[in-house]
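Data file: run14.cif. Format and content: mmCIF, N, CA and C atoms.
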data_my_file
#
loop_
_atom_site.label_atom_id
_atom_site.label_comp_id
_atom_site.auth_asym_id
_atom_site.auth_seq_id
_atom_site.Cartn_x
_atom_site.Cartn_y
_atom_site.Cartn_z
N MET A 1 -7.08 -8.64 -2.95
CA MET A 1 -5.63 -8.71 -2.86
C MET A 1 -5.18 -7.82 -1.70
N ILE A 2 -4.12 -8.23 -1.04
CA ILE A 2 -3.55 -7.47 0.07
C ILE A 2 -3.18 -6.07 -0.39
N ASP A 3 -3.52 -5.08 0.42
CA ASP A 3 -3.24 -3.68 0.11
C ASP A 3 -1.75 -3.47 -0.14
N GLY A 4 -1.43 -2.85 -1.28
CA GLY A 4 -0.04 -2.56 -1.64
C GLY A 4 0.63 -3.61 -2.50
N VAL A 5 0.05 -4.81 -2.58
CA VAL A 5 0.62 -5.86 -3.43
C VAL A 5 0.26 -5.53 -4.88
N LYS A 6 1.22 -5.69 -5.77
CA LYS A 6 0.98 -5.45 -7.19
C LYS A 6 1.41 -6.68 -7.97
N MET A 7 0.73 -6.90 -9.08
CA MET A 7 1.03 -8.04 -9.94
C MET A 7 1.22 -7.52 -11.36
N LYS A 8 2.22 -8.05 -12.05
CA LYS A 8 2.48 -7.68 -13.44
C LYS A 8 2.60 -8.94 -14.26
N LYS A 9 1.73 -9.09 -15.25
CA LYS A 9 1.82 -10.22 -16.18
C LYS A 9 3.04 -10.00 -17.05
N LEU A 10 3.88 -11.01 -17.18
CA LEU A 10 5.11 -10.89 -17.96
C LEU A 10 4.89 -11.42 -19.36
N LYS A 11 5.47 -10.73 -20.32
CA LYS A 11 5.34 -11.09 -21.72
C LYS A 11 6.58 -11.87 -22.16
N ILE A 12 6.35 -13.03 -22.73
CA ILE A 12 7.44 -13.84 -23.27
C ILE A 12 7.48 -13.63 -24.78
N ILE A 13 8.66 -13.32 -25.29
CA ILE A 13 8.85 -13.10 -26.71
C ILE A 13 9.73 -14.23 -27.25
N PRO A 14 9.09 -15.22 -27.90
CA PRO A 14 9.87 -16.35 -28.43
C PRO A 14 10.26 -16.13 -29.89
N ASP A 15 11.36 -16.73 -30.28
CA ASP A 15 11.72 -16.83 -31.69
C ASP A 15 12.53 -18.11 -31.88
N GLU A 16 13.08 -18.31 -33.08
CA GLU A 16 13.77 -19.58 -33.35
C GLU A 16 15.05 -19.76 -32.54
N ARG A 17 15.54 -18.71 -31.89
CA ARG A 17 16.76 -18.81 -31.09
C ARG A 17 16.49 -19.14 -29.63
N GLY A 18 15.26 -18.90 -29.18
CA GLY A 18 14.92 -19.09 -27.77
C GLY A 18 13.81 -18.13 -27.38
N ARG A 19 13.92 -17.52 -26.20
CA ARG A 19 12.89 -16.60 -25.74
C ARG A 19 13.49 -15.50 -24.89
N LEU A 20 12.78 -14.40 -24.81
CA LEU A 20 13.16 -13.26 -23.99
C LEU A 20 11.96 -12.89 -23.13
N MET A 21 12.23 -12.54 -21.86
CA MET A 21 11.16 -12.10 -20.98
C MET A 21 11.68 -10.93 -20.16
N GLU A 22 11.11 -9.76 -20.39
CA GLU A 22 11.45 -8.60 -19.55
C GLU A 22 10.77 -8.78 -18.21
N ILE A 23 11.50 -8.51 -17.13
CA ILE A 23 10.95 -8.70 -15.80
C ILE A 23 10.56 -7.38 -15.15
N LEU A 24 11.48 -6.41 -15.11
CA LEU A 24 11.21 -5.14 -14.44
C LEU A 24 12.01 -4.05 -15.13
N ARG A 25 11.34 -2.97 -15.48
CA ARG A 25 11.98 -1.85 -16.17
C ARG A 25 11.81 -0.58 -15.35
N THR A 26 12.77 0.31 -15.46
CA THR A 26 12.72 1.58 -14.70
C THR A 26 11.65 2.52 -15.22
N ASP A 27 11.13 2.30 -16.42
CA ASP A 27 10.11 3.19 -16.97
C ASP A 27 8.68 2.68 -16.75
N GLU A 28 8.52 1.69 -15.86
CA GLU A 28 7.19 1.16 -15.55
C GLU A 28 6.67 1.74 -14.24
N GLU A 29 5.37 1.84 -14.13
CA GLU A 29 4.74 2.35 -12.91
C GLU A 29 5.08 1.49 -11.68
N ILE A 30 5.23 0.19 -11.86
CA ILE A 30 5.50 -0.73 -10.75
C ILE A 30 6.91 -0.55 -10.18
N PHE A 31 7.84 0.02 -10.97
CA PHE A 31 9.22 0.18 -10.52
C PHE A 31 9.31 1.25 -9.43
N ILE A 32 10.02 0.93 -8.32
CA ILE A 32 10.23 1.88 -7.22
C ILE A 32 11.67 2.37 -7.24
N LYS A 33 12.60 1.45 -7.01
CA LYS A 33 14.03 1.74 -7.09
C LYS A 33 14.79 0.43 -7.10
N PHE A 34 16.09 0.51 -7.39
CA PHE A 34 16.91 -0.69 -7.48
C PHE A 34 17.78 -0.84 -6.25
N GLY A 35 17.79 -2.03 -5.66
CA GLY A 35 18.68 -2.36 -4.57
C GLY A 35 19.71 -3.38 -5.01
N GLN A 36 19.24 -4.50 -5.51
CA GLN A 36 20.09 -5.57 -6.01
C GLN A 36 19.22 -6.57 -6.74
N VAL A 37 19.85 -7.55 -7.36
CA VAL A 37 19.13 -8.68 -7.96
C VAL A 37 19.77 -9.94 -7.42
N TYR A 38 18.94 -10.88 -6.99
CA TYR A 38 19.50 -12.16 -6.57
C TYR A 38 18.60 -13.31 -6.99
N MET A 39 19.18 -14.48 -6.99
CA MET A 39 18.49 -15.71 -7.33
C MET A 39 18.47 -16.62 -6.12
N THR A 40 17.35 -17.29 -5.91
CA THR A 40 17.27 -18.32 -4.88
C THR A 40 16.59 -19.53 -5.52
N THR A 41 16.92 -20.72 -5.03
CA THR A 41 16.31 -21.92 -5.59
C THR A 41 15.61 -22.70 -4.48
N LEU A 42 14.68 -23.53 -4.92
CA LEU A 42 13.97 -24.41 -4.00
C LEU A 42 13.89 -25.79 -4.64
N TYR A 43 14.18 -26.81 -3.84
CA TYR A 43 13.99 -28.17 -4.29
C TYR A 43 12.52 -28.54 -4.13
N PRO A 44 12.03 -29.56 -4.86
CA PRO A 44 10.63 -29.93 -4.80
C PRO A 44 10.12 -30.09 -3.36
N SER A 45 8.98 -29.48 -3.09
CA SER A 45 8.25 -29.52 -1.82
C SER A 45 8.89 -28.71 -0.69
N VAL A 46 10.00 -28.04 -0.95
CA VAL A 46 10.65 -27.23 0.08
C VAL A 46 9.90 -25.91 0.25
N VAL A 47 9.77 -25.48 1.52
CA VAL A 47 9.15 -24.20 1.86
C VAL A 47 10.22 -23.26 2.38
N LYS A 48 10.27 -22.04 1.85
CA LYS A 48 11.12 -20.97 2.38
C LYS A 48 10.19 -19.87 2.86
N GLY A 49 10.30 -19.51 4.09
CA GLY A 49 9.43 -18.48 4.67
C GLY A 49 9.30 -18.78 6.14
N TRP A 50 8.48 -18.12 6.79
CA TRP A 50 7.93 -16.79 6.56
C TRP A 50 8.96 -15.73 6.89
N HIS A 51 8.91 -14.61 6.20
CA HIS A 51 9.69 -13.46 6.62
C HIS A 51 9.06 -12.18 6.06
N TYR A 52 9.47 -11.05 6.61
CA TYR A 52 9.04 -9.76 6.11
C TYR A 52 10.20 -8.79 6.25
N HIS A 53 10.04 -7.63 5.63
CA HIS A 53 11.04 -6.57 5.70
C HIS A 53 10.38 -5.30 6.20
N LYS A 54 11.14 -4.47 6.89
CA LYS A 54 10.62 -3.18 7.36
C LYS A 54 10.80 -2.07 6.33
N ASN A 55 11.83 -2.18 5.49
CA ASN A 55 12.11 -1.14 4.50
C ASN A 55 12.01 -1.64 3.06
N GLN A 56 12.37 -2.85 2.84
CA GLN A 56 12.52 -3.41 1.50
C GLN A 56 11.18 -3.80 0.88
N VAL A 57 11.02 -3.52 -0.41
CA VAL A 57 9.93 -4.03 -1.22
C VAL A 57 10.54 -5.08 -2.15
N ASP A 58 9.92 -6.25 -2.22
CA ASP A 58 10.42 -7.34 -3.06
C ASP A 58 9.66 -7.39 -4.37
N ASN A 59 10.34 -7.85 -5.42
CA ASN A 59 9.76 -8.08 -6.74
C ASN A 59 10.15 -9.49 -7.17
N PHE A 60 9.27 -10.46 -6.91
CA PHE A 60 9.56 -11.88 -7.15
C PHE A 60 9.06 -12.35 -8.50
N VAL A 61 9.90 -13.14 -9.18
CA VAL A 61 9.55 -13.82 -10.42
C VAL A 61 10.16 -15.21 -10.36
N CYS A 62 9.38 -16.23 -10.69
CA CYS A 62 9.91 -17.59 -10.80
C CYS A 62 10.19 -17.85 -12.27
N VAL A 63 11.47 -18.11 -12.60
CA VAL A 63 11.86 -18.27 -14.01
C VAL A 63 12.05 -19.73 -14.42
N LYS A 64 12.06 -20.64 -13.45
CA LYS A 64 12.17 -22.07 -13.75
C LYS A 64 11.34 -22.83 -12.75
N GLY A 65 10.54 -23.77 -13.24
CA GLY A 65 9.67 -24.53 -12.35
C GLY A 65 8.46 -23.71 -11.96
N MET A 66 7.83 -24.11 -10.87
CA MET A 66 6.64 -23.42 -10.36
C MET A 66 6.76 -23.32 -8.84
N VAL A 67 6.33 -22.19 -8.30
CA VAL A 67 6.25 -22.03 -6.84
C VAL A 67 4.87 -21.49 -6.46
N LYS A 68 4.49 -21.84 -5.24
CA LYS A 68 3.32 -21.24 -4.62
C LYS A 68 3.86 -20.16 -3.69
N LEU A 69 3.59 -18.90 -4.04
CA LEU A 69 4.01 -17.76 -3.24
C LEU A 69 2.82 -17.34 -2.39
N VAL A 70 3.01 -17.27 -1.08
CA VAL A 70 1.92 -16.93 -0.18
C VAL A 70 2.29 -15.68 0.61
N LEU A 71 1.32 -14.75 0.69
CA LEU A 71 1.50 -13.51 1.43
C LEU A 71 0.49 -13.45 2.56
N TYR A 72 0.92 -12.85 3.68
CA TYR A 72 0.03 -12.67 4.82
C TYR A 72 0.20 -11.25 5.35
N ASP A 73 -0.92 -10.54 5.48
CA ASP A 73 -0.90 -9.16 5.94
C ASP A 73 -1.17 -9.11 7.44
N SER A 74 -0.12 -8.83 8.22
CA SER A 74 -0.28 -8.70 9.68
C SER A 74 -0.18 -7.24 10.13
N ARG A 75 -0.17 -6.31 9.17
CA ARG A 75 -0.02 -4.89 9.50
C ARG A 75 -1.24 -4.39 10.25
N GLU A 76 -1.00 -3.85 11.44
CA GLU A 76 -2.09 -3.41 12.32
C GLU A 76 -3.05 -2.42 11.67
N LYS A 77 -2.53 -1.46 10.92
CA LYS A 77 -3.38 -0.41 10.36
C LYS A 77 -3.79 -0.66 8.91
N SER A 78 -3.57 -1.86 8.42
CA SER A 78 -3.89 -2.18 7.04
C SER A 78 -5.37 -2.49 6.86
N ILE A 79 -5.93 -2.03 5.75
CA ILE A 79 -7.34 -2.36 5.46
C ILE A 79 -7.52 -3.82 5.10
N THR A 80 -6.41 -4.53 4.83
CA THR A 80 -6.48 -5.96 4.51
C THR A 80 -5.82 -6.82 5.59
N LYS A 81 -5.73 -6.29 6.82
CA LYS A 81 -5.11 -7.04 7.94
C LYS A 81 -5.77 -8.42 8.06
N GLY A 82 -4.92 -9.45 8.17
CA GLY A 82 -5.40 -10.82 8.32
C GLY A 82 -5.64 -11.55 7.00
N GLU A 83 -5.50 -10.85 5.88
CA GLU A 83 -5.74 -11.47 4.57
C GLU A 83 -4.53 -12.27 4.11
N LEU A 84 -4.83 -13.40 3.47
CA LEU A 84 -3.82 -14.26 2.84
C LEU A 84 -4.01 -14.21 1.33
N ASN A 85 -2.92 -14.21 0.58
CA ASN A 85 -2.96 -14.32 -0.87
C ASN A 85 -2.06 -15.45 -1.31
N GLU A 86 -2.52 -16.27 -2.25
CA GLU A 86 -1.73 -17.32 -2.88
C GLU A 86 -1.54 -16.97 -4.35
N PHE A 87 -0.31 -17.10 -4.82
CA PHE A 87 0.00 -16.91 -6.23
C PHE A 87 0.78 -18.11 -6.71
N PHE A 88 0.39 -18.67 -7.84
CA PHE A 88 1.10 -19.78 -8.44
C PHE A 88 1.88 -19.20 -9.61
N ILE A 89 3.19 -19.07 -9.43
CA ILE A 89 4.00 -18.36 -10.41
C ILE A 89 5.11 -19.25 -10.95
N GLY A 90 5.49 -19.01 -12.18
CA GLY A 90 6.58 -19.77 -12.78
C GLY A 90 6.40 -19.92 -14.27
N GLU A 91 6.97 -20.98 -14.79
CA GLU A 91 6.98 -21.21 -16.23
C GLU A 91 5.57 -21.24 -16.84
N HIS A 92 4.60 -21.74 -16.11
CA HIS A 92 3.24 -21.85 -16.63
C HIS A 92 2.39 -20.62 -16.32
N ASN A 93 2.94 -19.69 -15.55
CA ASN A 93 2.23 -18.45 -15.20
C ASN A 93 3.28 -17.37 -14.91
N PRO A 94 3.87 -16.79 -15.97
CA PRO A 94 4.96 -15.83 -15.78
C PRO A 94 4.45 -14.46 -15.32
N ILE A 95 4.52 -14.23 -14.01
CA ILE A 95 4.11 -12.94 -13.45
C ILE A 95 5.13 -12.49 -12.42
N LEU A 96 5.17 -11.19 -12.22
CA LEU A 96 5.98 -10.58 -11.17
C LEU A 96 5.01 -10.20 -10.05
N ILE A 97 5.39 -10.51 -8.82
CA ILE A 97 4.60 -10.10 -7.66
C ILE A 97 5.44 -9.13 -6.84
N GLN A 98 4.89 -7.94 -6.61
CA GLN A 98 5.56 -6.93 -5.79
C GLN A 98 4.96 -6.98 -4.38
N ILE A 99 5.85 -7.17 -3.39
CA ILE A 99 5.43 -7.36 -2.00
C ILE A 99 5.88 -6.18 -1.17
N PRO A 100 4.94 -5.43 -0.59
CA PRO A 100 5.31 -4.27 0.21
C PRO A 100 5.96 -4.64 1.54
N ALA A 101 6.62 -3.67 2.14
CA ALA A 101 7.22 -3.85 3.46
C ALA A 101 6.16 -4.28 4.46
N TYR A 102 6.57 -5.04 5.45
CA TYR A 102 5.76 -5.54 6.56
C TYR A 102 4.75 -6.61 6.18
N VAL A 103 4.74 -7.08 4.93
CA VAL A 103 3.86 -8.17 4.54
C VAL A 103 4.68 -9.47 4.57
N PHE A 104 4.24 -10.42 5.40
CA PHE A 104 4.91 -11.72 5.46
C PHE A 104 4.79 -12.42 4.12
N HIS A 105 5.86 -13.15 3.74
CA HIS A 105 5.81 -13.93 2.52
C HIS A 105 6.68 -15.18 2.66
N GLY A 106 6.27 -16.18 1.91
CA GLY A 106 7.02 -17.43 1.84
C GLY A 106 6.64 -18.12 0.56
N PHE A 107 7.44 -19.11 0.15
CA PHE A 107 7.10 -19.83 -1.06
C PHE A 107 7.51 -21.29 -0.95
N LYS A 108 6.83 -22.09 -1.78
CA LYS A 108 7.04 -23.53 -1.80
C LYS A 108 7.19 -23.97 -3.25
N CYS A 109 8.18 -24.82 -3.50
CA CYS A 109 8.37 -25.39 -4.83
C CYS A 109 7.27 -26.43 -5.06
N ILE A 110 6.48 -26.23 -6.10
CA ILE A 110 5.40 -27.17 -6.42
C ILE A 110 5.65 -27.92 -7.73
N SER A 111 6.84 -27.74 -8.29
CA SER A 111 7.18 -28.47 -9.51
C SER A 111 7.99 -29.71 -9.17
N GLU A 112 8.14 -30.59 -10.15
CA GLU A 112 8.86 -31.85 -9.93
C GLU A 112 10.36 -31.68 -9.91
N THR A 113 10.85 -30.52 -10.33
CA THR A 113 12.28 -30.23 -10.32
C THR A 113 12.51 -28.91 -9.59
N GLU A 114 13.76 -28.62 -9.35
CA GLU A 114 14.15 -27.39 -8.67
C GLU A 114 13.54 -26.16 -9.34
N SER A 115 13.06 -25.22 -8.52
CA SER A 115 12.54 -23.94 -9.01
C SER A 115 13.59 -22.86 -8.79
N ILE A 116 13.62 -21.89 -9.71
CA ILE A 116 14.52 -20.76 -9.59
C ILE A 116 13.69 -19.49 -9.50
N VAL A 117 13.93 -18.71 -8.44
CA VAL A 117 13.22 -17.46 -8.21
C VAL A 117 14.23 -16.33 -8.28
N ILE A 118 13.85 -15.27 -9.00
CA ILE A 118 14.66 -14.06 -9.08
C ILE A 118 13.94 -12.98 -8.28
N ASN A 119 14.70 -12.25 -7.46
CA ASN A 119 14.14 -11.12 -6.72
C ASN A 119 14.94 -9.87 -7.06
N CYS A 120 14.23 -8.79 -7.28
CA CYS A 120 14.84 -7.48 -7.51
C CYS A 120 14.31 -6.55 -6.43
N PRO A 121 14.86 -6.64 -5.21
CA PRO A 121 14.37 -5.81 -4.11
C PRO A 121 14.83 -4.35 -4.26
N THR A 122 14.14 -3.49 -3.53
CA THR A 122 14.46 -2.06 -3.57
C THR A 122 15.68 -1.69 -2.76
N GLU A 123 16.16 -2.60 -1.91
CA GLU A 123 17.30 -2.31 -1.04
C GLU A 123 18.37 -3.39 -1.21
N ALA A 124 19.62 -3.00 -1.08
CA ALA A 124 20.72 -3.96 -1.06
C ALA A 124 20.75 -4.64 0.31
N TYR A 125 21.09 -5.92 0.32
CA TYR A 125 21.16 -6.66 1.59
C TYR A 125 22.26 -6.09 2.46
N ASP A 126 21.94 -5.82 3.71
CA ASP A 126 22.89 -5.29 4.68
C ASP A 126 23.32 -6.46 5.58
N TYR A 127 24.53 -6.94 5.39
CA TYR A 127 25.01 -8.10 6.14
C TYR A 127 25.16 -7.81 7.63
N THR A 128 25.39 -6.56 8.00
CA THR A 128 25.57 -6.22 9.42
C THR A 128 24.24 -6.02 10.15
N GLU A 129 23.22 -5.51 9.45
CA GLU A 129 21.89 -5.32 10.03
C GLU A 129 20.83 -5.71 9.01
N PRO A 130 20.61 -7.00 8.83
CA PRO A 130 19.65 -7.45 7.82
C PRO A 130 18.23 -6.94 8.10
N ASP A 131 17.57 -6.49 7.05
CA ASP A 131 16.17 -6.07 7.12
C ASP A 131 15.29 -7.29 6.84
N GLU A 132 15.40 -8.28 7.70
CA GLU A 132 14.68 -9.53 7.50
C GLU A 132 14.25 -10.07 8.85
N PHE A 133 12.96 -10.34 8.98
CA PHE A 133 12.39 -10.79 10.24
C PHE A 133 11.61 -12.06 9.96
N ARG A 134 11.99 -13.14 10.65
CA ARG A 134 11.50 -14.48 10.29
C ARG A 134 10.53 -15.08 11.30
N VAL A 135 9.67 -15.96 10.75
CA VAL A 135 8.75 -16.78 11.54
C VAL A 135 8.82 -18.18 10.92
N ASP A 136 8.84 -19.21 11.75
CA ASP A 136 8.87 -20.59 11.27
C ASP A 136 7.69 -20.85 10.33
N PRO A 137 7.94 -21.42 9.14
CA PRO A 137 6.85 -21.62 8.18
C PRO A 137 5.80 -22.64 8.62
N HIS A 138 6.12 -23.44 9.63
CA HIS A 138 5.18 -24.46 10.08
C HIS A 138 4.64 -24.18 11.48
N SER A 139 4.87 -22.96 11.97
CA SER A 139 4.29 -22.59 13.27
C SER A 139 2.85 -22.15 13.06
N ASN A 140 2.15 -21.91 14.15
CA ASN A 140 0.77 -21.46 14.05
C ASN A 140 0.64 -19.95 14.13
N GLU A 141 1.77 -19.23 14.05
CA GLU A 141 1.71 -17.77 14.12
C GLU A 141 1.00 -17.16 12.93
N ILE A 142 1.09 -17.81 11.79
CA ILE A 142 0.41 -17.37 10.58
C ILE A 142 -0.58 -18.47 10.20
N PRO A 143 -1.85 -18.12 10.00
CA PRO A 143 -2.89 -19.13 9.76
C PRO A 143 -2.86 -19.71 8.35
N TYR A 144 -1.83 -20.52 8.08
CA TYR A 144 -1.69 -21.10 6.75
C TYR A 144 -1.02 -22.46 6.86
N GLN A 145 -1.51 -23.41 6.08
CA GLN A 145 -0.92 -24.75 5.99
C GLN A 145 -0.35 -24.92 4.58
N TRP A 146 0.90 -25.36 4.50
CA TRP A 146 1.61 -25.43 3.23
C TRP A 146 1.30 -26.66 2.39
N GLU A 147 0.59 -27.66 2.92
CA GLU A 147 0.36 -28.86 2.13
C GLU A 147 -0.54 -28.57 0.94
N ARG A 148 -0.46 -29.45 -0.05
CA ARG A 148 -1.25 -29.33 -1.28
C ARG A 148 -2.74 -29.46 -0.97
N LYS A 149 -3.52 -28.64 -1.66
CA LYS A 149 -4.98 -28.70 -1.49
C LYS A 149 -5.59 -29.23 -2.79
N ASP A 150 -6.15 -30.43 -2.73
CA ASP A 150 -6.79 -31.02 -3.92
C ASP A 150 -8.27 -30.69 -3.92
N GLY A 151 -8.79 -30.41 -5.11
CA GLY A 151 -10.24 -30.24 -5.26
C GLY A 151 -10.74 -28.89 -5.08
#
Starting from the coordinates I provided, produce the structure as structure tokens.
Amino acid sequence: MIDGVKMKKLKIIPDERGRLMEILRTDEEIFIKFGQVYMTTLYPSVVKGWHYHKNQVDNFVCVKGMVKLVLYDSREKSITKGELNEFFIGEHNPILIQIPAYVFHGFKCISETESIVINCPTEAYDYTEPDEFRVDPHSNEIPYQWERKDG
């Protein structure tokens, strides 16, 4: 796994009324600090990415549908420089993925319906100077192809 990336298996607590799933708590080792919480959605087969942050650490959870979350480590001094990680997260695999600063990430909806992703980043979004640096998801700058791999 890419250096600094953390994964937390999420526990679903069902009962006759529905279900509850804790995502991130301040008393857990994985918690750093709170910036904001936001939701983003993806329609089937849509790719959002690549981007990275210089200050922000992301905490991604897919709460509806399924997404393929892909990380790429381009950090010059990283012991995992050049490494790619794929995570299949969502209703069938409820996990939180924590993505450190400077690690490229993107995701693709792999379910038949819209996916909903919740992020609890460590920093609030700054509309005047966004901490977001983008690369086209279909360029050759990152050695990854988004199409489905069978077999």
Applying 6 Å and all atoms listed in the file, which residues near Glu83 of chain A remain after dropping the ones on its own chain fewer than 2 positions away? List them as a ChimeraX atom specification.
/A:71-73,80-81,85
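Between Met7 of chain A and the residues A:Asn59, A:Thr113, A:Thr26, A:Asn119, the shortest atom-to-atom distance, using only C-alpha atoms, involves A:Asn59.
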Using the chain letters and numbering of this document, enumerate as a count of residues only the residues selected by the PyMOL selection byres ((chain A and resi 42-50) around 7).
24
Distance criterion (all atoms listed in the file): nearest to Ile99 of chain A out of A:Glu29, A:Glu132, A:Lys6, A:Met1:
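That would be A:Lys6, the residue with the smallest distance to Ile99 of chain A.
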Run DSSP on the backbone of this structure and report the residues of chain A it assigns to strand (DSSP E or B), as a PyMOL selection string.
chain A and resi 6-9+12-15+18-21+38-42+47-52+58-64+66-73+84-90+93+95-99+103-109+115-119+133-134
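As for atom CA of Cys62 of chain A and atom C of Ile118 of chain A, they are spaced 6.6 Å apart.
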Val70 of chain A proximity check over A:Asp58, A:Asp3, A:Glu86, A:Glu16, using all atoms listed in the file: winner is A:Glu86
Could you tell me which of A:Cys120, A:Asp27, A:Arg19, A:Phe34 comes closest to Val61 of chain A if we count only C-alpha atoms?
A:Cys120
Selected residue, from A:Val57, A:Ala101, A:Met21, A:Thr128, that lies nearest to Arg75 of chain A when counting all atoms listed in the file:
A:Ala101
Would you work out the distance separating atom CA of Ile23 of chain A from atom C of Ile95 of chain A, expressed in Å to one decimal?
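Computed distance, atom CA of Ile23 of chain A to atom C of Ile95 of chain A, equals 7.7 Å.
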Point out the residue among A:Met39, A:Gly4, A:Lys9, A:Ile142 with the least atom-to-atom distance to Leu96 of chain A, counting only N, CA and C atoms.
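Nearest candidate to Leu96 of chain A out of A:Met39, A:Gly4, A:Lys9, A:Ile142: A:Lys9.
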Distance query Asn55 of chain A at most 7 Å, all atoms listed in the file, self and fewer than 3 positions along chain excluded, as a CSV table (one decimal) with N, CA and C atoms, keeping the file's coordinate frame:
chain,number,residue,atom,x,y,z
A,52,TYR,N,9.5,-11.0,6.6
A,52,TYR,CA,9.0,-9.8,6.1
A,52,TYR,C,10.2,-8.8,6.2
A,100,PRO,N,4.9,-5.4,-0.6
A,100,PRO,CA,5.3,-4.3,0.2
A,100,PRO,C,6.0,-4.6,1.5
A,101,ALA,N,6.6,-3.7,2.1
A,101,ALA,CA,7.2,-3.8,3.5
A,101,ALA,C,6.2,-4.3,4.5
A,102,TYR,N,6.6,-5.0,5.4
A,102,TYR,CA,5.8,-5.5,6.6
A,102,TYR,C,4.8,-6.6,6.2
A,122,THR,N,14.1,-3.5,-3.5
A,122,THR,CA,14.5,-2.1,-3.6
A,122,THR,C,15.7,-1.7,-2.8
A,123,GLU,N,16.2,-2.6,-1.9
A,123,GLU,CA,17.3,-2.3,-1.0
A,123,GLU,C,18.4,-3.4,-1.2
A,131,ASP,N,17.6,-6.5,7.0
A,131,ASP,CA,16.2,-6.1,7.1
A,131,ASP,C,15.3,-7.3,6.8
Computed interatomic separation between atom CA of Ala124 of chain A and atom CA of Gln98 of chain A (Å)
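Going from atom CA of Ala124 of chain A over to atom CA of Gln98 of chain A, I get 16.2 Å.
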For the structure shown, which residues end up in the PyMOL selection byres ((chain A and resi 94) around 6.5)? Put them as a tab-separated table (two decimals) with N, CA and C atoms, in the coordinates of the input, please?
chain	number	residue	atom	x	y	z
A	8	LYS	N	2.22	-8.05	-12.05
A	8	LYS	CA	2.48	-7.68	-13.44
A	8	LYS	C	2.60	-8.94	-14.26
A	9	LYS	N	1.73	-9.09	-15.25
A	9	LYS	CA	1.82	-10.22	-16.18
A	9	LYS	C	3.04	-10.00	-17.05
A	10	LEU	N	3.88	-11.01	-17.18
A	10	LEU	CA	5.11	-10.89	-17.96
A	10	LEU	C	4.89	-11.42	-19.36
A	11	LYS	N	5.47	-10.73	-20.32
A	11	LYS	CA	5.34	-11.09	-21.72
A	11	LYS	C	6.58	-11.87	-22.16
A	89	ILE	N	3.19	-19.07	-9.43
A	89	ILE	CA	4.00	-18.36	-10.41
A	89	ILE	C	5.11	-19.25	-10.95
A	90	GLY	N	5.49	-19.01	-12.18
A	90	GLY	CA	6.58	-19.77	-12.78
A	90	GLY	C	6.40	-19.92	-14.27
A	91	GLU	N	6.97	-20.98	-14.79
A	91	GLU	CA	6.98	-21.21	-16.23
A	91	GLU	C	5.57	-21.24	-16.84
A	92	HIS	N	4.60	-21.74	-16.11
A	92	HIS	CA	3.24	-21.85	-16.63
A	92	HIS	C	2.39	-20.62	-16.32
A	93	ASN	N	2.94	-19.69	-15.55
A	93	ASN	CA	2.23	-18.45	-15.20
A	93	ASN	C	3.28	-17.37	-14.91
A	95	ILE	N	4.52	-14.23	-14.01
A	95	ILE	CA	4.11	-12.94	-13.45
A	95	ILE	C	5.13	-12.49	-12.42
A	96	LEU	N	5.17	-11.19	-12.22
A	96	LEU	CA	5.98	-10.58	-11.17
A	96	LEU	C	5.01	-10.20	-10.05
With N, CA, C and O atoms as the goal, would you fill in the gaps in segment 43-51 of chain A and present it as a short mmCIF file (atom, residue, chain, number, x, y, z; two decimals), in the frame of the given file?
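Final output, selection.cif:
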data_model
loop_
_atom_site.label_atom_id
_atom_site.label_comp_id
_atom_site.auth_asym_id
_atom_site.auth_seq_id
_atom_site.Cartn_x
_atom_site.Cartn_y
_atom_site.Cartn_z
N TYR A 43 14.18 -26.81 -3.84
CA TYR A 43 13.99 -28.17 -4.29
C TYR A 43 12.52 -28.54 -4.13
O TYR A 43 11.79 -27.91 -3.36
N PRO A 44 12.03 -29.56 -4.86
CA PRO A 44 10.63 -29.93 -4.80
C PRO A 44 10.12 -30.09 -3.36
O PRO A 44 10.79 -30.68 -2.51
N SER A 45 8.98 -29.48 -3.09
CA SER A 45 8.25 -29.52 -1.82
C SER A 45 8.89 -28.71 -0.69
O SER A 45 8.37 -28.69 0.42
N VAL A 46 10.00 -28.04 -0.95
CA VAL A 46 10.65 -27.23 0.08
C VAL A 46 9.90 -25.91 0.25
O VAL A 46 9.46 -25.30 -0.71
N VAL A 47 9.77 -25.48 1.52
CA VAL A 47 9.15 -24.20 1.86
C VAL A 47 10.22 -23.26 2.38
O VAL A 47 11.02 -23.64 3.25
N LYS A 48 10.27 -22.04 1.85
CA LYS A 48 11.12 -20.97 2.38
C LYS A 48 10.19 -19.87 2.86
O LYS A 48 9.38 -19.35 2.11
N GLY A 49 10.30 -19.51 4.09
CA GLY A 49 9.43 -18.48 4.67
C GLY A 49 9.30 -18.78 6.14
O GLY A 49 9.93 -19.71 6.64
N TRP A 50 8.48 -18.12 6.79
CA TRP A 50 7.93 -16.79 6.56
C TRP A 50 8.96 -15.73 6.89
O TRP A 50 9.74 -15.91 7.81
N HIS A 51 8.91 -14.61 6.20
CA HIS A 51 9.69 -13.46 6.62
C HIS A 51 9.06 -12.18 6.06
O HIS A 51 8.20 -12.24 5.18
#
